[in-house]
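Reproduced below: start23.pdb, with PDB, C-alpha atoms, pLDDT in the B column.
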MODEL        1
ATOM      1  CA  MET A1207     -18.477  -9.725  11.690  1.00 52.00           C
ATOM      2  CA  ARG A1208     -15.594  -8.737   9.481  1.00 50.00           C
ATOM      3  CA  ARG A1209     -13.047  -6.125  10.525  1.00 55.00           C
ATOM      4  CA  ILE A1210     -13.608  -2.619   9.218  1.00 55.00           C
ATOM      5  CA  GLN A1211     -10.903  -0.756   7.347  1.00 53.00           C
ATOM      6  CA  ILE A1212     -10.542   2.971   8.111  1.00 54.00           C
ATOM      7  CA  HIS A1213      -9.584   5.609   5.572  1.00 49.00           C
ATOM      8  CA  LEU A1214      -8.808   9.139   6.680  1.00 44.00           C
ATOM      9  CA  PHE A1215     -10.088  11.894   4.472  1.00 42.00           C
ATOM     10  CA  VAL A1216     -10.313  15.606   5.090  1.00 37.00           C
ATOM     11  CA  LEU A1217     -12.465  18.399   3.812  1.00 33.00           C
ATOM     12  CA  VAL A1218     -10.651  20.630   1.322  1.00 28.00           C
ATOM     13  CA  SER A1219     -13.319  23.235   0.890  1.00 25.00           C
ATOM     14  CA  LEU A1220     -16.796  24.246   1.889  1.00 26.00           C
ATOM     15  CA  PHE A1221     -17.651  24.503  -1.820  1.00 25.00           C
ATOM     16  CA  PHE A1222     -18.597  20.824  -2.322  1.00 24.00           C
ATOM     17  CA  MET A1223     -15.215  19.860  -3.740  1.00 25.00           C
ATOM     18  CA  PRO A1224     -14.375  16.157  -3.707  1.00 27.00           C
ATOM     19  CA  LEU A1225     -12.781  14.713  -0.585  1.00 28.00           C
ATOM     20  CA  VAL A1226      -9.052  14.030  -0.793  1.00 28.00           C
ATOM     21  CA  GLN A1227      -6.297  13.194   1.636  1.00 31.00           C
ATOM     22  CA  GLY A1228      -4.401  16.210   2.919  1.00 35.00           C
ATOM     23  CA  SER A1229      -4.458  18.775   5.705  1.00 38.00           C
ATOM     24  CA  PRO A1230      -7.604  19.436   7.754  1.00 44.00           C
ATOM     25  CA  THR A1231      -9.670  22.531   7.026  1.00 47.00           C
ATOM     26  CA  PHE A1232     -11.122  25.179   9.307  1.00 47.00           C
ATOM     27  CA  ALA A1233     -14.238  24.435  11.309  1.00 53.00           C
ATOM     28  CA  ASP A1234     -16.561  27.225  12.438  1.00 57.00           C
ATOM     29  CA  ASP A1235     -13.925  28.337  14.931  1.00 67.00           C
ATOM     30  CA  PRO A1236     -10.691  29.347  13.140  1.00 67.00           C
ATOM     31  CA  GLU A1237      -8.655  27.659  15.881  1.00 75.00           C
ATOM     32  CA  GLU A1238     -10.348  24.312  15.195  1.00 80.00           C
ATOM     33  CA  CYS A1239     -10.129  21.936  12.255  1.00 83.00           C
ATOM     34  CA  THR A1240     -12.492  19.252  10.964  1.00 84.00           C
ATOM     35  CA  ILE A1241     -11.422  15.811   9.748  1.00 85.00           C
ATOM     36  CA  ARG A1242     -13.704  13.334   8.009  1.00 86.00           C
ATOM     37  CA  VAL A1243     -12.920   9.711   8.873  1.00 89.00           C
ATOM     38  CA  GLU A1244     -14.299   7.150   6.431  1.00 90.00           C
ATOM     39  CA  TRP A1245     -14.397   3.346   6.462  1.00 90.00           C
ATOM     40  CA  THR A1246     -15.615   0.474   4.318  1.00 87.00           C
ATOM     41  CA  LYS A1247     -18.789  -1.359   5.305  1.00 87.00           C
ATOM     42  CA  PRO A1248     -18.125  -5.050   6.046  1.00 84.00           C
ATOM     43  CA  THR A1249     -19.307  -7.454   3.328  1.00 82.00           C
ATOM     44  CA  THR A1250     -19.389 -10.619   5.457  1.00 82.00           C
ATOM     45  CA  GLY A1251     -21.051 -11.551   8.731  1.00 86.00           C
ATOM     46  CA  THR A1252     -24.355 -10.202   9.955  1.00 89.00           C
ATOM     47  CA  PRO A1253     -25.420  -6.865   8.443  1.00 93.00           C
ATOM     48  CA  VAL A1254     -24.192  -3.791  10.306  1.00 94.00           C
ATOM     49  CA  VAL A1255     -26.906  -1.331  11.342  1.00 95.00           C
ATOM     50  CA  ARG A1256     -24.667   1.135  13.194  1.00 95.00           C
ATOM     51  CA  TYR A1257     -21.061   1.693  14.219  1.00 95.00           C
ATOM     52  CA  LYS A1258     -19.209   2.259  17.465  1.00 95.00           C
ATOM     53  CA  ILE A1259     -16.479   4.867  16.981  1.00 95.00           C
ATOM     54  CA  GLU A1260     -13.656   5.283  19.478  1.00 95.00           C
ATOM     55  CA  ALA A1261     -10.891   7.848  19.210  1.00 94.00           C
ATOM     56  CA  ASP A1262      -7.666   8.621  21.026  1.00 95.00           C
ATOM     57  CA  VAL A1263      -7.123  12.387  21.010  1.00 94.00           C
ATOM     58  CA  ASN A1264      -3.602  13.529  21.917  1.00 94.00           C
ATOM     59  CA  GLY A1265      -2.581  10.146  23.318  1.00 95.00           C
ATOM     60  CA  VAL A1266      -4.868  10.145  26.372  1.00 95.00           C
ATOM     61  CA  GLY A1267      -6.446   6.779  25.483  1.00 96.00           C
ATOM     62  CA  PHE A1268      -9.427   5.612  23.494  1.00 96.00           C
ATOM     63  CA  ALA A1269     -12.874   6.948  24.384  1.00 96.00           C
ATOM     64  CA  GLU A1270     -16.227   6.412  22.692  1.00 96.00           C
ATOM     65  CA  PHE A1271     -17.272   9.233  20.367  1.00 94.00           C
ATOM     66  CA  SER A1272     -20.413   7.579  18.996  1.00 94.00           C
ATOM     67  CA  SER A1273     -22.293   4.309  19.114  1.00 94.00           C
ATOM     68  CA  THR A1274     -25.224   5.450  16.973  1.00 95.00           C
ATOM     69  CA  CYS A1275     -23.498   6.350  13.693  1.00 94.00           C
ATOM     70  CA  THR A1276     -25.297   4.690  10.768  1.00 95.00           C
ATOM     71  CA  ASP A1277     -23.047   6.138   8.035  1.00 92.00           C
ATOM     72  CA  THR A1278     -19.605   4.916   6.962  1.00 90.00           C
ATOM     73  CA  PHE A1279     -18.027   8.255   7.886  1.00 89.00           C
ATOM     74  CA  TYR A1280     -17.777  10.560  10.900  1.00 90.00           C
ATOM     75  CA  PHE A1281     -16.616  14.161  11.352  1.00 89.00           C
ATOM     76  CA  PHE A1282     -14.234  15.082  14.171  1.00 90.00           C
ATOM     77  CA  THR A1283     -13.530  18.707  15.142  1.00 88.00           C
ATOM     78  CA  GLN A1284     -10.600  19.437  17.442  1.00 88.00           C
ATOM     79  CA  PRO A1285      -8.277  22.366  18.220  1.00 87.00           C
ATOM     80  CA  HIS A1286      -5.416  23.114  15.835  1.00 83.00           C
ATOM     81  CA  GLY A1287      -2.391  20.971  16.683  1.00 85.00           C
ATOM     82  CA  SER A1288      -4.363  18.056  18.169  1.00 90.00           C
ATOM     83  CA  TYR A1289      -3.899  14.575  16.797  1.00 90.00           C
ATOM     84  CA  ILE A1290      -6.331  11.698  16.652  1.00 91.00           C
ATOM     85  CA  LYS A1291      -6.281   7.931  16.131  1.00 92.00           C
ATOM     86  CA  VAL A1292      -9.577   6.165  15.384  1.00 93.00           C
ATOM     87  CA  LYS A1293     -10.993   2.642  15.482  1.00 93.00           C
ATOM     88  CA  VAL A1294     -14.470   1.472  14.448  1.00 93.00           C
ATOM     89  CA  ALA A1295     -16.614  -1.615  15.171  1.00 93.00           C
ATOM     90  CA  GLY A1296     -19.859  -2.677  13.501  1.00 93.00           C
ATOM     91  CA  ILE A1297     -22.984  -3.442  15.525  1.00 94.00           C
ATOM     92  CA  ASP A1298     -25.776  -5.623  14.120  1.00 94.00           C
ATOM     93  CA  SER A1299     -29.568  -5.465  14.669  1.00 94.00           C
ATOM     94  CA  GLN A1300     -29.293  -7.783  17.702  1.00 95.00           C
ATOM     95  CA  ASN A1301     -26.864  -5.312  19.329  1.00 95.00           C
ATOM     96  CA  ARG A1302     -23.871  -7.643  18.838  1.00 94.00           C
ATOM     97  CA  GLN A1303     -20.620  -5.790  18.304  1.00 94.00           C
ATOM     98  CA  GLY A1304     -17.991  -7.089  15.912  1.00 91.00           C
ATOM     99  CA  PRO A1305     -14.253  -6.647  16.411  1.00 91.00           C
ATOM    100  CA  PHE A1306     -12.733  -3.197  16.211  1.00 92.00           C
ATOM    101  CA  SER A1307     -10.873  -2.200  13.075  1.00 91.00           C
ATOM    102  CA  GLN A1308      -7.160  -1.695  13.223  1.00 90.00           C
ATOM    103  CA  THR A1309      -6.313   1.674  14.716  1.00 91.00           C
ATOM    104  CA  SER A1310      -5.803   4.387  12.108  1.00 89.00           C
ATOM    105  CA  LEU A1311      -2.512   6.185  11.763  1.00 88.00           C
ATOM    106  CA  PRO A1312      -2.435   9.456  13.743  1.00 89.00           C
ATOM    107  CA  MET A1313      -3.988  12.396  11.874  1.00 87.00           C
ATOM    108  CA  ILE A1314      -2.966  15.894  12.944  1.00 85.00           C
ATOM    109  CA  PHE A1315      -5.477  18.728  13.031  1.00 83.00           C
ATOM    110  CA  GLY A1316      -2.995  21.083  11.374  1.00 74.00           C
ATOM    111  CA  CYS A1317      -5.010  23.814   9.698  1.00 69.00           C
ATOM    112  CA  ASN A1318      -3.248  26.840   8.325  1.00 60.00           C
ATOM    113  CA  ILE A1319      -4.451  29.498  10.764  1.00 53.00           C
ATOM    114  CA  PRO A1320      -4.260  32.976   9.218  1.00 55.00           C
ATOM    115  CA  ASP A1321      -2.277  35.428  11.323  1.00 52.00           C
ATOM    116  CA  GLY A1322      -2.267  38.330   8.906  1.00 47.00           C
ATOM    117  CA  ASN A1323       1.055  37.435   7.254  1.00 44.00           C
ATOM    118  CA  ALA A1324       1.223  37.427   3.461  1.00 43.00           C
ATOM    119  CA  SER A1325       2.575  33.857   3.610  1.00 42.00           C
ATOM    120  CA  ASP A1326      -0.806  32.436   4.821  1.00 41.00           C
TER     121      ASP A1326
ENDMDL
END
Render the structure in this file as structure tokens.
Amino acid sequence: MRRIQIHLFVLVSLFFMPLVQGSPTFADDPEECTIRVEWTKPTTGTPVVRYKIEADVNGVGFAEFSSTCTDTFYFFTQPHGSYIKVKVAGIDSQNRQGPFSQTSLPMIFGCNIPDGNASD
């Protein structure tokens, strides 16, 4: 299987605006932010039917977040100020896992949390 390339994107609005790179947006909890991580489906090797997603949140080491994701994107929600690095591997129909992608650059969950100041 071919390595997967990860692209970090974030949600800019809940109003169906296009996805662009930038700061994370609020999740349901105003002290949390949501980041959309997106990657490119491999074009060589056996067809991928799902992905294994591992993330390192705040430098504690990589842990599995999902091994059933069938899309080429995944949403992470973490507290404001957290940071995350992600890697992804494809899994084919015979349950064979390809190599992990390169680790993404760290992305900070840095939402602008309103505190009542006019500068927010």
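Ranking A:Ile1241, A:Val1254, A:Ala1261, A:Leu1311 by their shortest atom-to-atom distance to Lys1293 of chain A, with all atoms listed in the file included, puts A:Ala1261 first.
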key: Two-atom distance - atom CA of Glu1237 of chain A, atom CA of His1286 of chain A (Å)   =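 These two atoms are separated by 5.6 Å.
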Once the PyMOL selection byres ((chain A and resi 1295-1310) around 12) has been applied to the shown file, what residues remain in the selection, as a ChimeraX atom specification? /A:1207-1215,1243-1262,1267-1268,1270,1272-1278,1289-1294,1311-1314
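Atom CA of Tyr1280 of chain A sits 16.2 Å away from atom CA of Glu1238 of chain A.
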Mind completing segment 1285-1316 of chain A with N, CA and C atoms? Output as an mmCIF file, keeping the file's coordinate frame, please?
data_model
loop_
_atom_site.group_PDB
_atom_site.id
_atom_site.type_symbol
_atom_site.label_atom_id
_atom_site.label_comp_id
_atom_site.auth_asym_id
_atom_site.auth_seq_id
_atom_site.Cartn_x
_atom_site.Cartn_y
_atom_site.Cartn_z
ATOM 1 N N PRO A 1285 -9.150 21.194 18.335
ATOM 2 C CA PRO A 1285 -8.277 22.366 18.220
ATOM 3 C C PRO A 1285 -7.073 22.103 17.320
ATOM 4 N N HIS A 1286 -6.616 23.148 16.668
ATOM 5 C CA HIS A 1286 -5.416 23.114 15.835
ATOM 6 C C HIS A 1286 -4.272 22.508 16.643
ATOM 7 N N GLY A 1287 -3.536 21.586 16.030
ATOM 8 C CA GLY A 1287 -2.391 20.971 16.683
ATOM 9 C C GLY A 1287 -2.711 19.665 17.393
ATOM 10 N N SER A 1288 -3.988 19.331 17.556
ATOM 11 C CA SER A 1288 -4.363 18.056 18.169
ATOM 12 C C SER A 1288 -4.075 16.932 17.183
ATOM 13 N N TYR A 1289 -3.961 15.715 17.702
ATOM 14 C CA TYR A 1289 -3.899 14.575 16.797
ATOM 15 C C TYR A 1289 -4.873 13.514 17.281
ATOM 16 N N ILE A 1290 -5.294 12.670 16.353
ATOM 17 C CA ILE A 1290 -6.331 11.698 16.652
ATOM 18 C C ILE A 1290 -6.012 10.368 15.981
ATOM 19 N N LYS A 1291 -6.310 9.282 16.688
ATOM 20 C CA LYS A 1291 -6.281 7.931 16.131
ATOM 21 C C LYS A 1291 -7.680 7.363 16.345
ATOM 22 N N VAL A 1292 -8.190 6.619 15.361
ATOM 23 C CA VAL A 1292 -9.577 6.165 15.384
ATOM 24 C C VAL A 1292 -9.655 4.662 15.145
ATOM 25 N N LYS A 1293 -10.655 4.023 15.783
ATOM 26 C CA LYS A 1293 -10.993 2.642 15.482
ATOM 27 C C LYS A 1293 -12.519 2.528 15.479
ATOM 28 N N VAL A 1294 -13.032 1.598 14.664
ATOM 29 C CA VAL A 1294 -14.470 1.472 14.448
ATOM 30 C C VAL A 1294 -14.869 0.005 14.552
ATOM 31 N N ALA A 1295 -16.055 -0.262 15.112
ATOM 32 C CA ALA A 1295 -16.614 -1.615 15.171
ATOM 33 C C ALA A 1295 -18.063 -1.564 14.701
ATOM 34 N N GLY A 1296 -18.478 -2.577 13.951
ATOM 35 C CA GLY A 1296 -19.859 -2.677 13.501
ATOM 36 C C GLY A 1296 -20.733 -3.301 14.577
ATOM 37 N N ILE A 1297 -22.000 -2.888 14.599
ATOM 38 C CA ILE A 1297 -22.984 -3.442 15.525
ATOM 39 C C ILE A 1297 -24.187 -3.880 14.696
ATOM 40 N N ASP A 1298 -24.661 -5.126 14.915
ATOM 41 C CA ASP A 1298 -25.776 -5.623 14.120
ATOM 42 C C ASP A 1298 -27.115 -5.328 14.799
ATOM 43 N N SER A 1299 -28.223 -5.772 14.183
ATOM 44 C CA SER A 1299 -29.568 -5.465 14.669
ATOM 45 C C SER A 1299 -29.878 -6.126 16.012
ATOM 46 N N GLN A 1300 -29.103 -7.139 16.402
ATOM 47 C CA GLN A 1300 -29.293 -7.783 17.702
ATOM 48 C C GLN A 1300 -28.345 -7.203 18.752
ATOM 49 N N ASN A 1301 -27.762 -6.048 18.433
ATOM 50 C CA ASN A 1301 -26.864 -5.312 19.329
ATOM 51 C C ASN A 1301 -25.558 -6.063 19.616
ATOM 52 N N ARG A 1302 -25.143 -6.935 18.688
ATOM 53 C CA ARG A 1302 -23.871 -7.643 18.838
ATOM 54 C C ARG A 1302 -22.796 -6.832 18.131
ATOM 55 N N GLN A 1303 -21.728 -6.574 18.847
ATOM 56 C CA GLN A 1303 -20.620 -5.790 18.304
ATOM 57 C C GLN A 1303 -19.560 -6.702 17.726
ATOM 58 N N GLY A 1304 -19.095 -6.375 16.521
ATOM 59 C CA GLY A 1304 -17.991 -7.089 15.912
ATOM 60 C C GLY A 1304 -16.669 -6.568 16.448
ATOM 61 N N PRO A 1305 -15.569 -7.114 15.957
ATOM 62 C CA PRO A 1305 -14.253 -6.647 16.411
ATOM 63 C C PRO A 1305 -13.973 -5.227 15.912
ATOM 64 N N PHE A 1306 -13.142 -4.528 16.660
ATOM 65 C CA PHE A 1306 -12.733 -3.197 16.211
ATOM 66 C C PHE A 1306 -11.793 -3.319 15.021
ATOM 67 N N SER A 1307 -11.828 -2.305 14.180
ATOM 68 C CA SER A 1307 -10.873 -2.200 13.075
ATOM 69 C C SER A 1307 -9.479 -2.001 13.652
ATOM 70 N N GLN A 1308 -8.490 -2.095 12.797
ATOM 71 C CA GLN A 1308 -7.160 -1.695 13.223
ATOM 72 C C GLN A 1308 -7.208 -0.194 13.498
ATOM 73 N N THR A 1309 -6.374 0.253 14.403
ATOM 74 C CA THR A 1309 -6.313 1.674 14.716
ATOM 75 C C THR A 1309 -5.719 2.430 13.534
ATOM 76 N N SER A 1310 -6.325 3.564 13.208
ATOM 77 C CA SER A 1310 -5.803 4.387 12.108
ATOM 78 C C SER A 1310 -4.454 4.971 12.487
ATOM 79 N N LEU A 1311 -3.729 5.416 11.502
ATOM 80 C CA LEU A 1311 -2.512 6.185 11.763
ATOM 81 C C LEU A 1311 -2.929 7.525 12.368
ATOM 82 N N PRO A 1312 -2.068 8.155 13.162
ATOM 83 C CA PRO A 1312 -2.435 9.456 13.743
ATOM 84 C C PRO A 1312 -2.652 10.507 12.649
ATOM 85 N N MET A 1313 -3.695 11.293 12.793
ATOM 86 C CA MET A 1313 -3.988 12.396 11.874
ATOM 87 C C MET A 1313 -3.934 13.670 12.683
ATOM 88 N N ILE A 1314 -3.153 14.641 12.213
ATOM 89 C CA ILE A 1314 -2.966 15.894 12.944
ATOM 90 C C ILE A 1314 -3.946 16.944 12.436
ATOM 91 N N PHE A 1315 -4.610 17.603 13.353
ATOM 92 C CA PHE A 1315 -5.477 18.728 13.031
ATOM 93 C C PHE A 1315 -4.559 19.927 12.832
ATOM 94 N N GLY A 1316 -4.001 20.065 11.642
ATOM 95 C CA GLY A 1316 -2.995 21.083 11.374
ATOM 96 C C GLY A 1316 -3.435 22.103 10.352
#
